[in-house]
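The next block is target_13.txt, given as compact mmCIF, C-alpha atoms.
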```txt
# COMPACT_ATOMS: atom_id res chain seq x y z
CA MET A 1 21.17 29.81 1.12
CA LYS A 2 22.24 32.47 3.59
CA LYS A 3 20.94 30.31 6.44
CA VAL A 4 22.97 27.34 5.16
CA LEU A 5 26.13 29.44 4.89
CA LEU A 6 25.50 30.83 8.37
CA ALA A 7 25.07 27.33 9.77
CA ILE A 8 28.28 26.17 8.07
CA GLY A 9 30.11 29.22 9.39
CA ILE A 10 28.90 28.53 12.93
CA LEU A 11 29.93 24.87 12.62
CA ILE A 12 33.42 25.74 11.35
CA GLY A 13 33.80 28.38 14.05
CA SER A 14 32.80 25.90 16.73
CA LEU A 15 35.25 23.32 15.41
CA LEU A 16 38.07 25.84 15.30
CA LEU A 17 37.25 26.97 18.83
CA SER A 18 37.23 23.37 20.05
CA VAL A 19 40.58 22.68 18.39
CA GLY A 20 42.03 25.86 19.86
CA VAL A 21 40.82 24.97 23.35
CA PHE A 22 42.25 21.45 23.03
CA LEU A 23 45.61 22.68 21.78
CA GLY A 24 45.82 25.21 24.57
CA TRP A 25 45.04 22.53 27.13
CA ALA A 26 47.52 20.04 25.65
CA LEU A 27 50.37 22.52 25.24
CA TRP A 28 50.08 24.13 28.66
CA ILE A 29 51.86 21.77 31.02
CA PRO A 30 53.30 22.13 34.53
CA SER A 31 56.93 23.16 34.75
CA PRO A 32 59.41 20.60 36.09
CA MET A 33 60.24 21.08 39.76
CA PRO A 34 63.70 22.45 40.70
CA GLU A 35 64.86 18.95 41.68
CA ALA A 36 64.18 17.75 38.15
CA LEU A 37 66.13 20.55 36.53
CA ALA A 38 69.03 19.99 38.94
CA ALA A 39 69.22 16.35 37.84
CA MET A 40 69.90 17.38 34.25
CA THR A 41 73.56 18.29 34.73
CA SER A 42 76.32 15.94 33.61
CA ASP A 43 78.95 14.94 36.16
CA ASP A 44 81.67 12.30 36.62
CA THR A 45 79.18 9.42 36.70
CA VAL A 46 76.31 10.41 34.39
CA GLU A 47 76.24 12.07 30.98
CA VAL A 48 73.05 13.99 30.25
CA ARG A 49 71.98 14.70 26.68
CA THR A 50 69.02 16.95 25.94
CA GLU A 51 68.94 16.60 22.15
CA PRO A 52 67.34 15.00 20.24
CA THR A 53 66.01 13.04 23.24
CA LEU A 54 66.50 13.62 26.95
CA THR A 55 68.96 10.82 27.70
CA PHE A 56 70.95 9.74 30.76
CA LEU A 57 73.99 7.52 30.24
CA PRO A 58 76.45 5.95 32.68
CA LYS A 59 80.04 7.08 32.13
CA ALA A 60 81.84 4.20 33.83
CA ALA A 61 80.91 1.51 31.32
CA LYS A 62 78.72 0.64 28.38
CA PRO A 63 75.04 0.63 29.41
CA LYS A 64 73.70 -2.76 30.46
CA ALA A 65 70.45 -2.03 28.62
CA GLY A 66 68.31 0.85 27.43
CA ILE A 67 65.07 2.00 29.03
CA VAL A 68 62.59 4.21 27.16
CA ILE A 69 60.37 6.08 29.63
CA TYR A 70 57.20 7.46 28.05
CA PRO A 71 56.00 10.54 29.98
CA GLY A 72 52.49 10.78 31.36
CA ALA A 73 49.88 12.91 29.58
CA ARG A 74 50.71 16.62 29.67
CA VAL A 75 53.89 16.04 31.66
CA ASP A 76 57.21 17.59 30.63
CA PRO A 77 59.75 14.77 30.01
CA ARG A 78 62.22 16.67 32.19
CA SER A 79 59.98 15.93 35.15
CA TYR A 80 61.32 12.35 35.09
CA ALA A 81 64.98 13.44 35.10
CA PRO A 82 65.67 12.31 38.69
CA LEU A 83 64.45 8.79 37.86
CA GLY A 84 66.44 8.75 34.64
CA ARG A 85 69.53 9.80 36.53
CA ARG A 86 69.11 7.08 39.18
CA LEU A 87 68.83 4.44 36.45
CA ALA A 88 71.94 5.75 34.71
CA GLU A 89 73.84 5.65 38.00
CA ALA A 90 72.86 1.96 38.17
CA GLY A 91 74.39 1.35 34.74
CA TYR A 92 71.44 1.76 32.37
CA LEU A 93 70.72 4.18 29.54
CA ALA A 94 67.46 5.99 30.32
CA ALA A 95 65.78 7.97 27.55
CA ILE A 96 62.66 10.10 28.02
CA PRO A 97 61.25 11.17 24.64
CA PHE A 98 59.38 14.36 23.87
CA VAL A 99 56.04 13.39 22.29
CA ARG A 100 53.56 15.25 20.10
CA LEU A 101 51.19 17.56 21.97
CA ASN A 102 52.71 16.26 25.20
CA MET A 103 50.69 13.04 24.99
CA ALA A 104 52.15 9.67 24.08
CA VAL A 105 48.83 8.62 22.54
CA PHE A 106 49.77 10.88 19.59
CA GLU A 107 53.21 9.25 19.24
CA PRO A 108 53.02 5.67 20.53
CA ASP A 109 56.06 4.70 18.45
CA ALA A 110 58.37 7.22 20.14
CA ALA A 111 60.55 4.34 21.32
CA ALA A 112 61.46 3.53 17.71
CA ARG A 113 63.10 6.93 17.42
CA VAL A 114 65.06 6.39 20.64
CA ILE A 115 66.25 2.96 19.54
CA GLY A 116 67.38 4.42 16.22
CA GLU A 117 69.41 7.04 18.08
CA ASN A 118 71.25 4.35 20.08
CA PRO A 119 72.06 1.49 17.68
CA ASP A 120 74.76 0.09 19.96
CA ILE A 121 72.22 -0.82 22.65
CA LEU A 122 70.85 -4.31 22.05
CA THR A 123 68.60 -4.81 25.08
CA TRP A 124 65.60 -2.52 25.48
CA ILE A 125 62.84 -2.16 28.04
CA ALA A 126 59.71 -0.05 27.48
CA ALA A 127 58.50 1.96 30.45
CA GLY A 128 56.00 4.68 31.12
CA HIS A 129 54.01 6.64 33.65
CA SER A 130 50.21 6.79 33.51
CA LEU A 131 49.05 7.06 29.85
CA GLY A 132 52.72 6.84 28.87
CA GLY A 133 52.91 3.35 30.34
CA THR A 134 49.86 2.25 28.38
CA MET A 135 51.38 3.48 25.12
CA ALA A 136 54.82 2.06 25.91
CA ALA A 137 53.28 -1.36 26.54
CA ARG A 138 51.26 -1.15 23.36
CA PHE A 139 54.37 -0.48 21.28
CA ALA A 140 56.42 -3.17 23.04
CA GLU A 141 53.65 -5.71 22.53
CA ALA A 142 53.54 -4.86 18.82
CA ASN A 143 57.35 -5.18 18.60
CA PRO A 144 58.27 -7.98 21.03
CA GLY A 145 61.50 -8.74 19.21
CA GLN A 146 62.87 -5.32 20.16
CA PHE A 147 62.08 -5.44 23.87
CA ARG A 148 62.79 -7.64 26.87
CA GLY A 149 60.25 -6.16 29.24
CA VAL A 150 57.70 -3.52 30.19
CA ILE A 151 57.62 -1.25 33.24
CA PHE A 152 54.34 0.30 34.36
CA LEU A 153 54.47 3.28 36.74
CA GLY A 154 51.01 4.12 38.04
CA SER A 155 49.72 2.64 34.81
CA TYR A 156 48.19 -0.43 33.18
CA PRO A 157 47.72 -1.86 29.66
CA LEU A 158 44.75 -1.56 27.35
CA ALA A 159 41.91 -3.98 28.04
CA ALA A 160 42.56 -5.69 24.69
CA SER A 161 46.24 -6.24 25.51
CA GLN A 162 47.73 -9.72 25.26
CA LEU A 163 50.95 -9.11 27.13
CA ASN A 164 50.37 -12.43 28.89
CA ASP A 165 51.26 -14.17 25.60
CA SER A 166 54.01 -11.78 24.50
CA GLY A 167 56.99 -13.35 26.26
CA LEU A 168 57.83 -9.95 27.78
CA ALA A 169 58.76 -9.59 31.43
CA VAL A 170 56.54 -7.10 33.25
CA ILE A 171 56.68 -5.07 36.45
CA SER A 172 53.86 -2.88 37.73
CA VAL A 173 54.77 -0.26 40.32
CA TYR A 174 51.91 1.72 41.84
CA GLY A 175 51.15 3.93 44.81
CA THR A 176 48.53 2.76 47.28
CA LEU A 177 47.10 6.29 47.41
CA ASP A 178 47.06 6.88 43.65
CA GLY A 179 43.85 8.76 42.84
CA VAL A 180 44.36 8.83 39.05
CA SER A 181 45.36 5.24 38.27
CA GLU A 182 43.67 3.74 41.29
CA PRO A 183 45.16 0.51 42.72
CA ARG A 184 41.98 -1.43 41.92
CA GLU A 185 42.27 -0.35 38.28
CA VAL A 186 45.94 -1.29 38.15
CA ARG A 187 45.31 -4.75 39.64
CA ALA A 188 42.27 -5.30 37.40
CA ALA A 189 44.68 -5.65 34.47
CA GLU A 190 46.17 -8.77 36.01
CA HIS A 191 44.31 -11.08 33.62
CA VAL A 192 46.06 -9.60 30.56
CA LEU A 193 49.53 -9.60 32.12
CA PRO A 194 51.99 -12.50 32.43
CA ALA A 195 51.50 -14.80 35.41
CA ASN A 196 54.97 -13.90 36.68
CA THR A 197 54.35 -10.14 36.59
CA VAL A 198 56.15 -8.39 39.45
CA TRP A 199 53.76 -6.25 41.52
CA VAL A 200 55.20 -3.48 43.69
CA ALA A 201 52.84 -1.44 45.86
CA ILE A 202 54.44 1.68 47.30
CA GLU A 203 52.68 2.28 50.59
CA GLY A 204 51.63 5.91 50.90
CA GLY A 205 52.67 6.76 47.35
CA ASN A 206 50.41 8.56 44.89
CA HIS A 207 50.29 9.28 41.14
CA ALA A 208 52.14 12.59 40.76
CA GLN A 209 55.16 11.56 42.81
CA PHE A 210 56.35 9.22 40.06
CA GLY A 211 57.56 12.48 38.52
CA TYR A 212 58.66 15.93 39.61
CA TYR A 213 55.92 18.20 38.29
CA GLY A 214 53.99 19.03 41.45
CA ASP A 215 50.51 17.92 42.45
CA GLN A 216 47.93 16.58 40.02
CA SER A 217 44.19 17.14 39.83
CA GLY A 218 42.23 14.11 41.01
CA ASP A 219 45.18 12.61 42.86
CA ASN A 220 45.29 11.84 46.57
CA ALA A 221 47.82 13.34 48.97
CA ALA A 222 50.78 11.04 49.54
CA THR A 223 51.88 10.13 53.04
CA ILE A 224 55.50 9.59 52.01
CA SER A 225 57.84 12.11 50.45
CA ARG A 226 58.42 12.37 46.72
CA GLU A 227 62.07 11.48 47.28
CA GLU A 228 61.09 8.30 49.16
CA GLN A 229 58.63 7.26 46.45
CA GLN A 230 61.30 7.87 43.83
CA ARG A 231 63.84 5.86 45.82
CA GLN A 232 61.50 2.89 46.13
CA THR A 233 60.50 3.13 42.46
CA ALA A 234 64.10 3.14 41.24
CA ALA A 235 65.02 0.28 43.58
CA ALA A 236 62.12 -1.84 42.29
CA ILE A 237 63.03 -1.15 38.66
CA ILE A 238 66.73 -1.89 39.17
CA SER A 239 65.91 -5.16 40.95
CA PHE A 240 63.57 -6.12 38.11
CA LEU A 241 66.18 -5.30 35.46
CA SER A 242 68.87 -7.29 37.24
CA SER A 243 66.64 -10.37 37.00
CA LEU A 244 66.55 -10.19 33.20
CA VAL A 245 69.23 -12.21 31.43
CA PRO A 246 71.49 -9.70 29.64
CA VAL A 247 71.73 -10.04 25.89
CA GLN A 248 74.86 -7.94 25.45
CA PRO A 249 78.19 -7.89 27.33
```
Can you turn what I pasted into structure tokens?
Amino acid sequence: MKKVLLAIGILIGSLLLSVGVFLGWALWIPSPMPEALAAMTSDDTVEVRTEPTLTFLPKAAKPKAGIVIYPGARVDPRSYAPLGRRLAEAGYLAAIPFVRLNMAVFEPDAAARVIGENPDILTWIAAGHSLGGTMAARFAEANPGQFRGVIFLGSYPLAASQLNDSGLAVISVYGTLDGVSEPREVRAAEHVLPANTVWVAIEGGNHAQFGYYGDQSGDNAATISREEQQRQTAAAIISFLSSLVPVQP
């Protein structure tokens, strides 16, 4: 009996240790770079809200549409503030939700919360970086009536996805030097995406420069600046959004 109790105690201890290690890994995330924090200040053109969701809104007029940007795994949502700000300057609401344990896989329906917070926005697009893009696409595919399109940033859908039959417009933006979501992996998802998917390859771009959180393990060094990759990313997204027929005035 003592041996059984000892074995059970060892098993429970091992499980608790494993959980503790996982939680420590998930909760320790890189701090946003100074450029990201600087983008979180409201001014004459953009209103920034930090509660309950990090949200960027244009001040000049009602947003043309809303974009929910799911953060990558273990990335602080604030790290995408410069991109959110650029989209707001172009007339869109951009919301970057905080997700459980800093991983969208634990809160794939985060967009539902954002939509509920902004009932006056009728047109929504789901977007995400890395694992965030996969989860954003999964939620949009399950709720096609709520979304007009999906934006992948260094990301791709699940192998079982059927976005090609969803009626959603899709754009996939990726860096040619991405070492995490490698270009061959991104393009391999072509068979589950709509035939008219927009593909944008950022020459010299990598994985981490879709955000402002520094370098990332396993990634390749970019040959263009973070600012340039961000500029090209925002331009591609804005062009894609302008091609969608607006649902609201």
Distance table requested - region 49-127 of chain A against region 157-176 of chain A, cut-off 12 Å, all atoms listed in the file: one row per qualifying residue with the closest atom pair and its distance in Å to one decimal, ordered by chain and rising residue number, as a tab-separated table.
```
residue	atom	partner	partner_atom	distance
A:Val105	CA	A:Leu158	CA	12.0
A:Trp124	CA	A:Leu168	CA	11.0
A:Ile125	CA	A:Ala169	CA	9.1
A:Ala126	CA	A:Val170	CA	9.6
A:Ala127	CA	A:Ile171	CA	9.4
```
Would you output that residue set with C-alpha atoms, as a PDB file, keeping the file's coordinate frame?
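Output file selection33.pdb is given in full below:
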```pdb
ATOM      1  CA  VAL A 105      48.830   8.620  22.540  1.00  0.00           C
ATOM      2  CA  TRP A 124      65.600  -2.520  25.480  1.00  0.00           C
ATOM      3  CA  ILE A 125      62.840  -2.160  28.040  1.00  0.00           C
ATOM      4  CA  ALA A 126      59.710  -0.050  27.480  1.00  0.00           C
ATOM      5  CA  ALA A 127      58.500   1.960  30.450  1.00  0.00           C
TER       6      ALA A 127
END
```
Can you work out which one of A:Ala90, A:Leu57, A:Val192, A:Ala208 has the shortest atom-to-atom distance to Pro30 (chain A), counting only C-alpha atoms?
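So, comparing all the options, the nearest one is A:Ala208.
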Enclose the full set of atoms of region 132-139 of chain A listed in the file within a box whose edges lie along x, y and z, apply 3 Å of padding to each of the six sides, and report centre and edge lengths in Å to one decimal as AutoDock Vina command-line options.
```
--center_x 52.3 --center_y 2.7 --center_z 25.8 --size_x 11.0 --size_y 14.2 --size_z 15.1
```
For CA of Phe106 (chain A) and CA of Thr53 (chain A), the interatomic separation in Å (one decimal):
16.8 Å
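Relative to CA of Arg85 (chain A), CA of Ala39 (chain A) is found at 6.7 Å.
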For Thr50 (chain A), which residue among A:Pro97, A:Gly72, A:Pro82, A:Gly133 is the nearest when counting all atoms listed in the file?
A:Pro97
Any idea what's packed within 12 Å of Leu83 (chain A), counting all atoms listed in the file, ignoring anything in its chain fewer than 4 positions away? Could you give it as a PDB file with C-alpha atoms, in the frame of the given file?
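Final output, result.pdb:
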```pdb
ATOM      1  CA  GLU A  35      64.860  18.950  41.680  1.00  0.00           C
ATOM      2  CA  ALA A  36      64.180  17.750  38.150  1.00  0.00           C
ATOM      3  CA  LEU A  37      66.130  20.550  36.530  1.00  0.00           C
ATOM      4  CA  ALA A  39      69.220  16.350  37.840  1.00  0.00           C
ATOM      5  CA  MET A  40      69.900  17.380  34.250  1.00  0.00           C
ATOM      6  CA  THR A  55      68.960  10.820  27.700  1.00  0.00           C
ATOM      7  CA  PHE A  56      70.950   9.740  30.760  1.00  0.00           C
ATOM      8  CA  ILE A  67      65.070   2.000  29.030  1.00  0.00           C
ATOM      9  CA  VAL A  68      62.590   4.210  27.160  1.00  0.00           C
ATOM     10  CA  ILE A  69      60.370   6.080  29.630  1.00  0.00           C
ATOM     11  CA  PRO A  71      56.000  10.540  29.980  1.00  0.00           C
ATOM     12  CA  PRO A  77      59.750  14.770  30.010  1.00  0.00           C
ATOM     13  CA  ARG A  78      62.220  16.670  32.190  1.00  0.00           C
ATOM     14  CA  SER A  79      59.980  15.930  35.150  1.00  0.00           C
ATOM     15  CA  LEU A  87      68.830   4.440  36.450  1.00  0.00           C
ATOM     16  CA  ALA A  88      71.940   5.750  34.710  1.00  0.00           C
ATOM     17  CA  GLU A  89      73.840   5.650  38.000  1.00  0.00           C
ATOM     18  CA  ALA A  90      72.860   1.960  38.170  1.00  0.00           C
ATOM     19  CA  TYR A  92      71.440   1.760  32.370  1.00  0.00           C
ATOM     20  CA  LEU A  93      70.720   4.180  29.540  1.00  0.00           C
ATOM     21  CA  ALA A  94      67.460   5.990  30.320  1.00  0.00           C
ATOM     22  CA  ALA A  95      65.780   7.970  27.550  1.00  0.00           C
ATOM     23  CA  ILE A  96      62.660  10.100  28.020  1.00  0.00           C
ATOM     24  CA  ALA A 127      58.500   1.960  30.450  1.00  0.00           C
ATOM     25  CA  GLY A 128      56.000   4.680  31.120  1.00  0.00           C
ATOM     26  CA  HIS A 129      54.010   6.640  33.650  1.00  0.00           C
ATOM     27  CA  LEU A 153      54.470   3.280  36.740  1.00  0.00           C
ATOM     28  CA  GLN A 209      55.160  11.560  42.810  1.00  0.00           C
ATOM     29  CA  PHE A 210      56.350   9.220  40.060  1.00  0.00           C
ATOM     30  CA  GLY A 211      57.560  12.480  38.520  1.00  0.00           C
ATOM     31  CA  TYR A 212      58.660  15.930  39.610  1.00  0.00           C
ATOM     32  CA  ARG A 226      58.420  12.370  46.720  1.00  0.00           C
ATOM     33  CA  GLU A 227      62.070  11.480  47.280  1.00  0.00           C
ATOM     34  CA  GLU A 228      61.090   8.300  49.160  1.00  0.00           C
ATOM     35  CA  GLN A 229      58.630   7.260  46.450  1.00  0.00           C
ATOM     36  CA  GLN A 230      61.300   7.870  43.830  1.00  0.00           C
ATOM     37  CA  ARG A 231      63.840   5.860  45.820  1.00  0.00           C
ATOM     38  CA  GLN A 232      61.500   2.890  46.130  1.00  0.00           C
ATOM     39  CA  THR A 233      60.500   3.130  42.460  1.00  0.00           C
ATOM     40  CA  ALA A 234      64.100   3.140  41.240  1.00  0.00           C
ATOM     41  CA  ALA A 235      65.020   0.280  43.580  1.00  0.00           C
ATOM     42  CA  ALA A 236      62.120  -1.840  42.290  1.00  0.00           C
ATOM     43  CA  ILE A 237      63.030  -1.150  38.660  1.00  0.00           C
ATOM     44  CA  ILE A 238      66.730  -1.890  39.170  1.00  0.00           C
TER      45      ILE A 238
END
```
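With distances restricted to all atoms listed in the file, A:Tyr213 is the closest residue to Ile29 (chain A) from A:Thr134, A:Thr45, A:Tyr213, A:Val198.
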Measure the distance from CA of Asn196 (chain A) to CA of Tyr156 (chain A) in Å and round it to one decimal.
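Between CA of Asn196 (chain A) and CA of Tyr156 (chain A) the gap works out to 15.5 Å.
Proximity to Asp43 (chain A) was assessed for A:Ile151, A:Ala110, A:Val180, A:Ala60 counting all atoms listed in the file; the smallest distance is recorded for A:Ala60.
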Would you mind telling me which residue in A:Pro52, A:Gly84, A:Gly154, A:Gly179 lies nearest to Phe98 (chain A) when using all atoms listed in the file?
A:Pro52
